[in-house]
$ cat target.csv   # CSV, C-alpha atoms
chain,number,residue,atom,x,y,z
A,1,MET,CA,-13.4,23.9,-3.6
A,2,ALA,CA,-15.5,25.7,-1.0
A,3,PRO,CA,-13.9,26.3,2.4
A,4,ALA,CA,-15.0,24.0,5.2
A,5,THR,CA,-14.5,24.1,9.0
A,6,TYR,CA,-12.4,21.5,10.7
A,7,GLU,CA,-12.2,20.7,14.4
A,8,LEU,CA,-8.6,19.6,15.0
A,9,THR,CA,-6.8,18.5,18.2
A,10,VAL,CA,-3.4,20.0,18.1
A,11,ASN,CA,-1.0,19.5,20.9
A,12,GLY,CA,-3.9,18.5,23.2
A,13,GLN,CA,-6.0,21.6,22.4
A,14,LYS,CA,-9.1,21.8,20.3
A,15,ARG,CA,-8.6,24.1,17.4
A,16,SER,CA,-11.2,25.2,14.8
A,17,VAL,CA,-10.0,26.2,11.4
A,18,THR,CA,-11.8,27.1,8.2
A,19,ALA,CA,-9.9,26.3,5.0
A,20,ASP,CA,-10.1,24.8,1.6
A,21,PRO,CA,-10.3,21.0,2.1
A,22,GLY,CA,-7.2,20.5,0.0
A,23,THR,CA,-5.0,22.8,2.1
A,24,PRO,CA,-2.0,20.8,3.4
A,25,LEU,CA,-1.9,20.4,7.2
A,26,LEU,CA,1.5,22.2,7.2
A,27,TRP,CA,-0.1,25.5,6.2
A,28,ILE,CA,-2.9,25.1,8.7
A,29,LEU,CA,-0.3,24.7,11.4
A,30,ARG,CA,1.9,27.5,10.2
A,31,ASP,CA,-0.4,30.1,8.8
A,32,GLU,CA,-3.7,29.5,10.7
A,33,LEU,CA,-2.4,28.3,14.1
A,34,LYS,CA,1.0,30.1,14.0
A,35,LEU,CA,2.8,27.0,15.0
A,36,THR,CA,5.9,27.8,12.9
A,37,GLY,CA,8.2,25.2,14.4
A,38,THR,CA,7.2,22.8,11.6
A,39,LYS,CA,9.1,23.8,8.5
A,40,TYR,CA,8.4,23.9,4.8
A,41,GLY,CA,11.2,22.2,2.9
A,42,CYS,CA,10.3,20.7,-0.4
A,43,GLY,CA,6.5,20.5,-0.4
A,44,ILE,CA,6.4,17.0,-1.9
A,45,ALA,CA,7.3,14.8,1.2
A,46,ALA,CA,10.8,14.3,0.0
A,47,CYS,CA,12.8,16.0,2.7
A,48,GLY,CA,11.0,15.4,6.0
A,49,ALA,CA,11.3,19.0,7.4
A,50,CYS,CA,7.5,19.2,7.8
A,51,THR,CA,7.1,16.0,9.9
A,52,VAL,CA,4.5,16.0,12.7
A,53,HIS,CA,2.7,13.2,14.4
A,54,VAL,CA,-0.9,12.5,13.3
A,55,GLY,CA,-2.5,9.7,15.4
A,56,GLY,CA,1.0,8.8,16.6
A,57,VAL,CA,2.3,8.3,13.1
A,58,ALA,CA,5.2,10.5,11.8
A,59,THR,CA,3.4,12.3,9.0
A,60,ARG,CA,4.6,14.6,6.2
A,61,SER,CA,2.3,17.6,6.8
A,62,CYS,CA,3.1,19.2,3.5
A,63,VAL,CA,1.2,16.5,1.5
A,64,VAL,CA,-1.7,15.6,3.8
A,65,PRO,CA,-4.8,17.8,3.2
A,66,VAL,CA,-6.6,19.0,6.3
A,67,SER,CA,-9.7,17.2,5.1
A,68,LEU,CA,-8.1,13.8,5.6
A,69,ILE,CA,-7.0,14.4,9.2
A,70,GLY,CA,-10.3,13.4,10.8
A,71,ASP,CA,-10.3,13.1,14.6
A,72,ARG,CA,-6.7,11.9,14.9
A,73,PRO,CA,-4.7,14.0,17.3
A,74,ILE,CA,-1.8,16.1,16.0
A,75,VAL,CA,1.4,16.7,17.8
A,76,THR,CA,4.0,19.2,16.6
A,77,ILE,CA,7.5,20.1,17.7
A,78,GLU,CA,6.1,22.7,20.0
A,79,ALA,CA,4.7,20.1,22.3
A,80,ILE,CA,7.0,17.1,21.8
A,81,SER,CA,8.9,17.9,25.0
A,82,GLN,CA,5.8,17.1,27.0
A,83,ASP,CA,6.3,13.5,25.9
A,84,PRO,CA,9.0,11.6,27.9
A,85,VAL,CA,10.5,10.2,24.8
A,86,GLY,CA,10.3,13.6,23.1
A,87,ARG,CA,12.1,15.2,26.1
A,88,ALA,CA,14.8,12.5,26.0
A,89,VAL,CA,15.4,13.1,22.3
A,90,GLN,CA,15.6,16.9,22.7
A,91,ASP,CA,18.0,16.5,25.7
A,92,ALA,CA,20.2,14.1,23.6
A,93,TRP,CA,20.1,16.6,20.7
A,94,VAL,CA,21.5,19.3,23.1
A,95,SER,CA,24.0,16.9,24.6
A,96,HIS,CA,25.4,15.9,21.2
A,97,ASP,CA,25.1,19.5,19.8
A,98,VAL,CA,23.3,18.0,16.9
A,99,VAL,CA,22.0,21.1,15.3
A,100,GLN,CA,23.9,23.2,12.8
A,101,CYS,CA,21.6,25.5,10.7
A,102,GLY,CA,18.6,23.8,12.4
A,103,TYR,CA,16.1,24.1,9.6
A,104,CYS,CA,15.4,20.3,9.3
A,105,GLN,CA,15.8,19.5,13.0
A,106,SER,CA,12.1,19.7,14.0
A,107,GLY,CA,11.3,17.1,11.4
A,108,GLN,CA,14.3,15.1,12.4
A,109,ILE,CA,13.2,15.1,16.1
A,110,MET,CA,9.7,14.1,15.2
A,111,SER,CA,10.8,11.2,13.2
A,112,ALA,CA,13.3,10.1,15.8
A,113,VAL,CA,10.6,10.2,18.5
A,114,ALA,CA,8.4,8.0,16.3
A,115,LEU,CA,11.2,5.5,15.9
A,116,LEU,CA,12.0,5.4,19.6
A,117,LYS,CA,8.4,4.9,20.6
A,118,ARG,CA,8.5,1.6,18.6
A,119,ASN,CA,12.1,0.6,19.1
A,120,ARG,CA,14.1,1.8,22.1
A,121,LYS,CA,17.3,0.2,21.0
A,122,PRO,CA,17.5,0.8,17.3
A,123,THR,CA,20.5,-0.5,15.3
A,124,ASP,CA,22.3,1.7,12.8
A,125,LYS,CA,20.2,0.1,10.1
A,126,ASN,CA,17.0,0.8,11.9
A,127,ILE,CA,18.0,4.5,12.3
A,128,GLU,CA,19.1,4.8,8.7
A,129,GLU,CA,15.8,3.3,7.4
A,130,SER,CA,13.5,5.2,9.7
A,131,MET,CA,15.3,8.5,9.3
A,132,GLY,CA,16.1,7.9,5.6
A,133,GLY,CA,13.4,10.4,4.5
A,134,ASN,CA,14.7,13.2,6.6
A,135,ILE,CA,17.3,15.2,4.8
A,136,CYS,CA,19.9,17.4,6.5
A,137,ARG,CA,21.8,19.7,4.2
A,138,CYS,CA,24.4,20.4,6.9
A,139,GLY,CA,25.1,16.7,7.1
A,140,THR,CA,24.5,16.2,10.8
A,141,TYR,CA,23.6,12.5,10.3
A,142,VAL,CA,26.3,11.1,12.5
A,143,ARG,CA,25.4,13.2,15.5
A,144,ILE,CA,21.7,12.5,14.9
A,145,ARG,CA,22.4,8.8,15.0
A,146,GLU,CA,24.4,9.1,18.2
A,147,ALA,CA,21.7,11.3,19.8
A,148,ILE,CA,19.0,8.8,19.0
A,149,LYS,CA,21.0,6.0,20.6
A,150,MET,CA,21.5,8.1,23.7
A,151,ALA,CA,17.9,9.0,23.9
A,152,GLY,CA,16.9,5.4,23.5
A,153,ALA,CA,19.2,4.4,26.4
A,154,GLN,CA,17.3,6.7,28.8
A,155,PRO,CA,15.2,4.9,31.4
B,287,MET,CA,-48.4,-58.3,-23.6
B,288,SER,CA,-47.8,-59.6,-20.1
B,289,ARG,CA,-46.6,-57.3,-17.3
B,290,SER,CA,-43.3,-59.2,-17.0
B,291,ARG,CA,-42.5,-58.8,-20.7
B,292,MET,CA,-43.3,-55.1,-20.5
B,293,GLY,CA,-41.0,-54.7,-17.5
B,294,VAL,CA,-38.1,-56.5,-19.3
B,295,GLY,CA,-38.7,-54.3,-22.4
B,296,LEU,CA,-38.6,-51.1,-20.3
B,297,ALA,CA,-35.5,-52.2,-18.5
B,298,TRP,CA,-33.7,-52.8,-21.9
B,299,PHE,CA,-34.9,-49.5,-23.1
B,300,LEU,CA,-33.5,-47.6,-20.1
B,301,LEU,CA,-30.2,-49.5,-20.2
B,302,THR,CA,-29.8,-48.7,-23.9
B,303,VAL,CA,-30.5,-45.1,-23.3
B,304,SER,CA,-28.1,-45.0,-20.4
B,305,VAL,CA,-25.3,-46.6,-22.4
B,306,ALA,CA,-25.9,-44.2,-25.2
B,307,VAL,CA,-25.8,-41.2,-22.9
B,308,PHE,CA,-22.7,-42.4,-21.2
B,309,ALA,CA,-21.0,-43.1,-24.5
B,310,THR,CA,-21.9,-39.7,-25.8
B,311,SER,CA,-20.6,-38.1,-22.6
B,312,ALA,CA,-17.4,-40.0,-22.8
B,313,GLN,CA,-16.8,-38.9,-26.4
B,314,GLU,CA,-17.6,-35.3,-25.6
B,315,SER,CA,-15.5,-35.2,-22.4
B,316,PRO,CA,-12.1,-34.4,-24.1
B,317,ASN,CA,-13.8,-31.8,-26.3
B,318,ARG,CA,-15.5,-30.2,-23.3
B,319,THR,CA,-12.3,-30.1,-21.2
B,320,ALA,CA,-10.1,-28.6,-23.9
B,321,PRO,CA,-12.2,-25.5,-24.5
B,322,ARG,CA,-12.6,-25.1,-20.8
B,323,ARG,CA,-8.9,-24.9,-20.3
B,324,ALA,CA,-8.5,-22.7,-23.3
B,325,ASP,CA,-11.2,-20.4,-22.0
B,326,GLY,CA,-9.5,-20.3,-18.7
B,327,LEU,CA,-6.1,-19.4,-20.2
B,328,ALA,CA,-7.7,-16.7,-22.3
B,329,ALA,CA,-9.3,-15.3,-19.1
B,330,TRP,CA,-5.9,-15.5,-17.4
B,331,GLN,CA,-4.3,-13.4,-20.2
B,332,GLN,CA,-6.8,-10.7,-19.4
B,333,ILE,CA,-6.1,-10.9,-15.7
B,334,HIS,CA,-2.4,-10.8,-16.4
B,335,SER,CA,-2.7,-7.6,-18.4
B,336,VAL,CA,-4.1,-6.0,-15.3
B,337,LEU,CA,-1.6,-7.4,-12.8
B,338,ILE,CA,1.4,-6.1,-14.8
B,339,HIS,CA,0.0,-2.6,-15.0
B,340,PRO,CA,2.0,-0.1,-12.9
B,341,ARG,CA,-1.0,0.6,-10.6
B,342,CYS,CA,-0.8,-3.0,-9.5
B,343,ILE,CA,2.7,-4.3,-10.0
B,344,ASN,CA,4.4,-1.2,-8.4
B,345,CYS,CA,3.6,-2.7,-5.0
B,346,HIS,CA,4.4,-6.3,-5.9
B,347,THR,CA,8.2,-5.9,-6.0
B,348,ALA,CA,10.8,-8.4,-5.1
B,349,VAL,CA,13.1,-5.8,-3.5
B,350,ASP,CA,13.0,-3.6,-0.4
B,351,TYR,CA,11.1,-0.8,-1.9
B,352,PRO,CA,7.9,0.0,-3.8
B,353,GLN,CA,7.9,1.7,-7.2
B,354,GLN,CA,6.1,4.8,-8.5
B,355,GLY,CA,4.7,6.1,-11.7
B,356,ASP,CA,4.1,4.5,-15.1
B,357,GLU,CA,7.8,4.1,-15.6
B,358,ARG,CA,8.0,2.1,-12.3
B,359,ARG,CA,10.8,4.1,-10.8
B,360,ARG,CA,12.0,3.4,-7.3
B,361,HIS,CA,9.9,5.2,-4.7
B,362,TYR,CA,11.6,8.4,-3.6
B,363,ALA,CA,12.4,9.6,-0.1
B,364,ASN,CA,14.3,6.3,0.6
B,365,VAL,CA,11.1,4.5,1.4
B,366,VAL,CA,11.6,0.9,2.5
B,367,ARG,CA,9.4,-2.2,2.8
B,368,GLY,CA,9.8,-2.8,6.6
B,369,PRO,CA,9.0,-6.0,8.4
B,370,ASP,CA,5.3,-6.2,7.4
B,371,GLY,CA,5.2,-4.2,4.2
B,372,HIS,CA,4.0,-1.0,5.9
B,373,GLY,CA,7.3,0.7,6.1
B,374,VAL,CA,9.4,1.4,9.2
B,375,PRO,CA,8.5,3.4,12.4
B,376,GLY,CA,9.7,6.9,11.3
B,377,LEU,CA,8.8,6.3,7.7
B,378,GLN,CA,5.6,4.3,7.3
B,379,CYS,CA,3.4,4.1,4.2
B,380,ALA,CA,0.9,6.2,6.3
B,381,THR,CA,3.6,8.9,6.7
B,382,CYS,CA,2.2,10.2,3.4
B,383,HIS,CA,-0.5,7.8,2.2
B,384,GLN,CA,-3.9,8.4,3.8
B,385,GLU,CA,-7.3,6.6,3.7
B,386,SER,CA,-8.1,8.2,0.3
B,387,ASN,CA,-6.4,10.1,-2.5
B,388,ALA,CA,-5.0,13.5,-1.7
B,389,ASN,CA,-5.6,15.1,-5.1
B,390,SER,CA,-4.5,18.6,-4.0
B,391,THR,CA,-1.0,17.3,-3.2
B,392,GLY,CA,-0.8,14.3,-5.6
B,393,VAL,CA,-0.4,11.6,-3.0
B,394,PRO,CA,-2.4,8.5,-3.6
B,395,GLY,CA,-4.3,6.9,-0.8
B,396,SER,CA,-6.5,4.0,0.2
B,397,HIS,CA,-7.3,2.0,3.3
B,398,ASP,CA,-4.3,0.1,4.7
B,399,TRP,CA,-1.8,1.2,2.1
B,400,HIS,CA,1.0,-1.3,2.0
B,401,LEU,CA,3.3,-3.4,-0.1
B,402,ALA,CA,2.4,-7.0,-1.1
B,403,PRO,CA,4.5,-9.6,0.7
B,404,LEU,CA,7.6,-10.8,-0.9
B,405,SER,CA,5.9,-14.2,-1.6
B,406,MET,CA,3.6,-12.3,-3.9
B,407,ALA,CA,6.4,-10.5,-5.8
B,408,TRP,CA,5.6,-10.4,-9.5
B,409,GLN,CA,9.0,-9.0,-10.5
B,410,ASP,CA,12.5,-10.2,-10.2
B,411,ARG,CA,15.1,-8.5,-8.1
B,412,ASN,CA,16.1,-6.3,-11.1
B,413,ASP,CA,12.5,-4.9,-11.2
B,414,LYS,CA,11.7,-6.9,-14.4
B,415,PRO,CA,8.2,-8.4,-14.4
B,416,LEU,CA,8.1,-12.2,-14.1
B,417,SER,CA,6.7,-14.3,-16.9
B,418,SER,CA,2.9,-14.8,-17.1
B,419,ALA,CA,3.4,-18.4,-16.1
B,420,ALA,CA,5.5,-17.5,-13.1
B,421,ILE,CA,3.0,-14.9,-11.9
B,422,CYS,CA,0.1,-17.4,-12.4
B,423,ARG,CA,2.0,-20.0,-10.4
B,424,ALA,CA,2.7,-17.6,-7.5
B,425,ILE,CA,-1.0,-16.6,-7.4
B,426,THR,CA,-2.3,-20.1,-7.4
B,427,ASP,CA,0.2,-21.5,-4.8
B,428,ARG,CA,-1.7,-21.5,-1.5
B,429,ARG,CA,1.6,-21.8,0.3
B,430,THR,CA,2.5,-18.2,-0.8
B,431,ASN,CA,-0.8,-16.6,-1.6
B,432,HIS,CA,-2.2,-16.3,2.0
B,433,ASN,CA,-3.9,-19.7,1.5
B,434,MET,CA,-6.4,-18.3,-1.0
B,435,ASP,CA,-8.5,-20.7,-3.0
B,436,GLY,CA,-10.3,-19.8,-6.2
B,437,PRO,CA,-13.3,-18.2,-4.5
B,438,ALA,CA,-11.0,-16.2,-2.2
B,439,LEU,CA,-9.0,-15.0,-5.1
B,440,LEU,CA,-12.1,-14.0,-6.9
B,441,LYS,CA,-13.3,-12.1,-3.8
B,442,HIS,CA,-9.9,-10.4,-3.5
B,443,ASN,CA,-9.9,-9.3,-7.1
B,444,ALA,CA,-13.5,-8.2,-7.1
B,445,GLU,CA,-13.9,-6.6,-3.7
B,446,ASP,CA,-10.6,-5.7,-2.0
B,447,THR,CA,-10.4,-2.0,-1.4
B,448,LEU,CA,-6.7,-1.6,-2.0
B,449,VAL,CA,-7.0,-3.6,-5.3
B,450,GLY,CA,-9.9,-1.3,-6.3
B,451,TRP,CA,-7.7,1.8,-5.8
B,452,ALA,CA,-6.1,0.8,-9.2
B,453,TRP,CA,-9.3,2.0,-10.9
B,454,GLU,CA,-9.6,5.2,-8.8
B,455,PRO,CA,-6.0,6.3,-8.6
B,456,GLY,CA,-6.6,10.0,-8.4
B,457,ARG,CA,-4.3,12.7,-9.7
B,458,ASP,CA,-0.5,12.9,-9.6
B,459,ILE,CA,1.6,15.7,-8.3
B,460,HIS,CA,1.3,17.5,-11.7
B,461,GLY,CA,-2.5,17.3,-11.5
B,462,ASN,CA,-2.7,14.6,-14.2
B,463,THR,CA,-5.1,11.7,-13.7
B,464,ARG,CA,-3.1,8.5,-13.2
B,465,THR,CA,-3.5,5.8,-15.8
B,466,VAL,CA,-5.6,2.8,-15.0
B,467,PRO,CA,-5.4,-0.9,-16.0
B,468,PRO,CA,-6.6,-2.0,-19.4
B,469,LEU,CA,-9.7,-3.7,-18.1
B,470,SER,CA,-12.4,-2.2,-15.9
B,471,ARG,CA,-12.8,-3.5,-12.4
B,472,ALA,CA,-15.9,-5.4,-13.4
B,473,GLU,CA,-14.2,-6.9,-16.4
B,474,PHE,CA,-11.3,-7.9,-14.2
B,475,ALA,CA,-13.6,-9.6,-11.8
B,476,GLU,CA,-15.5,-11.4,-14.6
B,477,ALA,CA,-12.2,-12.6,-16.1
B,478,THR,CA,-11.2,-13.9,-12.7
B,479,ARG,CA,-14.5,-15.7,-12.3
B,480,GLN,CA,-14.1,-17.4,-15.7
B,481,TRP,CA,-10.5,-18.3,-14.8
B,482,VAL,CA,-11.5,-19.8,-11.4
B,483,GLU,CA,-14.4,-21.7,-12.9
B,484,ALA,CA,-12.1,-23.1,-15.5
B,485,GLY,CA,-9.9,-24.5,-12.7
B,486,MET,CA,-7.3,-21.7,-12.6
B,487,PRO,CA,-5.1,-23.0,-15.5
B,488,CYS,CA,-1.7,-21.4,-15.9
B,489,PRO,CA,0.3,-21.1,-19.1
B,490,GLN,CA,3.3,-23.4,-19.6
B,491,LEU,CA,6.7,-22.0,-18.8
$ encode --input "target.csv" --output "structure tokens"
Amino acid sequence: MAPATYELTVNGQKRSVTADPGTPLLWILRDELKLTGTKYGCGIAACGACTVHVGGVATRSCVVPVSLIGDRPIVTIEAISQDPVGRAVQDAWVSHDVVQCGYCQSGQIMSAVALLKRNRKPTDKNIEESMGGNICRCGTYVRIREAIKMAGAQP
Amino acid sequence: MSRSRMGVGLAWFLLTVSVAVFATSAQESPNRTAPRRADGLAAWQQIHSVLIHPRCINCHTAVDYPQQGDERRRHYANVVRGPDGHGVPGLQCATCHQESNANSTGVPGSHDWHLAPLSMAWQDRNDKPLSSAAICRAITDRRTNHNMDGPALLKHNAEDTLVGWAWEPGRDIHGNTRTVPPLSRAEFAEATRQWVEAGMPCPQL
């Protein structure tokens, strides 16, 4: 398919990219915009490492073509600390020393922020369901759960 | 012939014709009703063949998750139904499914992608499709079908965007075109119209 130019809003900034319409957003972020905090894991939306926010929705950037983004704003891990909930989550991550290898953690944090924006006091079941699509090979799930609860308790 | 005798004669004629027409109608009534129900049941069988196709029934589960593929496997990535059929905050349907198909990545999409409510489950909790009669009863029960009457059901089947996705399902992750229901959308709508006009009969259990 012929390349097309897309005007995206990424982390509050207008960015213009020219790409094949079928190009997944992940590769636009990483290769075109050099925002490499968002990771490639499986490429089929099965692991969650590529999670960003599109229009406020936690989104698997590896399976969403750039042509389907439209005018919805994109937020990546690079800017999540500018959001109060995002800041609280990152602080809790540090407090609980959540990260081990770290590869999945940007996706984990983006999903956790999406959860807490809708539910500030999630139960274990809420956390397991909302984070169920984010896989951590290091098995940091228990610390992730505690950090989410801590972040949710912040005023 | 006097005017009064002509009037009496005309009245008898009209009465005789009326009785004859009524009698004929009464005799035909059972014969007209039976084919009407039979036609409706035949139309229902066509409708049913569409409803149990994976493009439709995969999102009419009785459990906490949708299904995928022609084999109707459980949706991967631990996707769950959520309180309103749109998933849960960190893992919504819209986390992957957009407003249209993403053929380059194999993810299907349409407006307002979501699961049908549990009241519209067409499967049991072991993922086995319900009987044709049970599905028909669920669809015609206005306590469970969003209070849809016949015309509303026809409009739903003929015009709803998400229903229509079943006939434009795009390509899967391997680049293969997804299978579609055995009837075309137009045939499905026509079968629904015939079924509704026949009084929406359901098969016996």
$ residues_around --input "target.csv" --residues "Gly139 of chain A" --least-positions-apart "5" --cutoff "10 Å" --atoms "all atoms listed in the file" --output "ChimeraX atom specification"
/A:99-100,144
$ closest_atom_pairs --input "target.csv" --of "chain A" --to "chain B" --cutoff "10 Å" --atoms "all atoms listed in the file" --output "tab-separated table"
residue	atom	partner	partner_atom	distance
A:Pro21	CA	B:Ser390	CA	8.8
A:Gly22	CA	B:Ser390	CA	5.2
A:Thr23	CA	B:Ser390	CA	7.4
A:Pro24	CA	B:Thr391	CA	7.5
A:Gly43	CA	B:Thr391	CA	8.6
A:Ile44	CA	B:Thr391	CA	7.5
A:Ala45	CA	B:Cys382	CA	7.2
A:Ala46	CA	B:Ala363	CA	5.0
A:Cys47	CA	B:Ala363	CA	7.0
A:Gly48	CA	B:Ala363	CA	8.5
A:Thr51	CA	B:Thr381	CA	8.5
A:Val52	CA	B:Thr381	CA	9.3
A:His53	CA	B:Thr381	CA	8.9
A:Val54	CA	B:Thr381	CA	8.8
A:Val57	CA	B:Thr381	CA	6.6
A:Ala58	CA	B:Thr381	CA	5.6
A:Thr59	CA	B:Thr381	CA	4.1
A:Arg60	CA	B:Cys382	CA	5.7
A:Ser61	CA	B:Cys382	CA	8.1
A:Cys62	CA	B:Thr391	CA	8.1
A:Val63	CA	B:Thr391	CA	5.3
A:Val64	CA	B:Cys382	CA	6.7
A:Pro65	CA	B:Ala388	CA	6.5
A:Val66	CA	B:Ala388	CA	9.8
A:Ser67	CA	B:Ala388	CA	9.1
A:Leu68	CA	B:Gln384	CA	7.1
A:Ile69	CA	B:Gln384	CA	8.6
A:Gln108	CA	B:Gly376	CA	9.5
A:Met110	CA	B:Gly376	CA	8.2
A:Ser111	CA	B:Gly376	CA	4.8
A:Ala112	CA	B:Gly376	CA	6.6
A:Val113	CA	B:Gly376	CA	8.0
A:Ala114	CA	B:Gly376	CA	5.3
A:Leu115	CA	B:Pro375	CA	4.9
A:Leu116	CA	B:Pro375	CA	8.3
A:Lys117	CA	B:Pro375	CA	8.3
A:Arg118	CA	B:Pro375	CA	6.5
A:Asn119	CA	B:Pro375	CA	8.1
A:Asn126	CA	B:Val374	CA	8.1
A:Ile127	CA	B:Gly376	CA	8.7
A:Glu128	CA	B:Asn364	CA	9.5
A:Glu129	CA	B:Val366	CA	6.9
A:Ser130	CA	B:Gly376	CA	4.5
A:Met131	CA	B:Gly376	CA	6.2
A:Gly132	CA	B:Asn364	CA	5.5
A:Gly133	CA	B:Ala363	CA	4.8
A:Asn134	CA	B:Ala363	CA	7.9
A:Ile135	CA	B:Ala363	CA	8.9
$ closest_residue --input "target.csv" --among "A:Cys104, A:Gln90, A:Leu35, A:Ala49" --to "Glu78 of chain A" --atoms "all atoms listed in the file"
A:Leu35
$ residues_around --input "target.csv" --residues "Lys121 of chain A" --least-positions-apart "2" --cutoff "7 Å" --atoms "all atoms listed in the file" --output "ChimeraX atom specification"
/A:119,123,149,152
$ atom_distance --input "target.csv" --atom1 "atom CA of Ala329 of chain B" --atom2 "atom CA of Ile421 of chain B"
14.3 Å
$ residues_around --input "target.csv" --residues "Ala402 of chain B" --least-positions-apart "2" --cutoff "10 Å" --atoms "only C-alpha atoms" --output "ChimeraX atom specification"
/B:342-348,352,367,370-372,399-400,404-408
$ atom_distance --input "target.csv" --atom1 "atom CA of Leu25 of chain A" --atom2 "atom CA of Gly355 of chain B"
24.6 Å
$ atom_distance --input "target.csv" --atom1 "atom CA of Ser418 of chain B" --atom2 "atom CA of Val466 of chain B"
19.7 Å
$ residues_near_point --input "target.csv" --point "(2.8, 18.4, 21.2)" --cutoff "12 Å" --atoms "all atoms listed in the file" --output "ChimeraX atom specification"
/A:9-13,35,37-38,52-56,73-87,106,110,113
$ residues_around --input "target.csv" --residues "segment 480-490 of chain B" --least-positions-apart "5" --cutoff "7 Å" --atoms "all atoms listed in the file" --output "VMD selection string"
chain B and resid 322 to 323 326 to 327 329 to 330 419 422 to 423 436
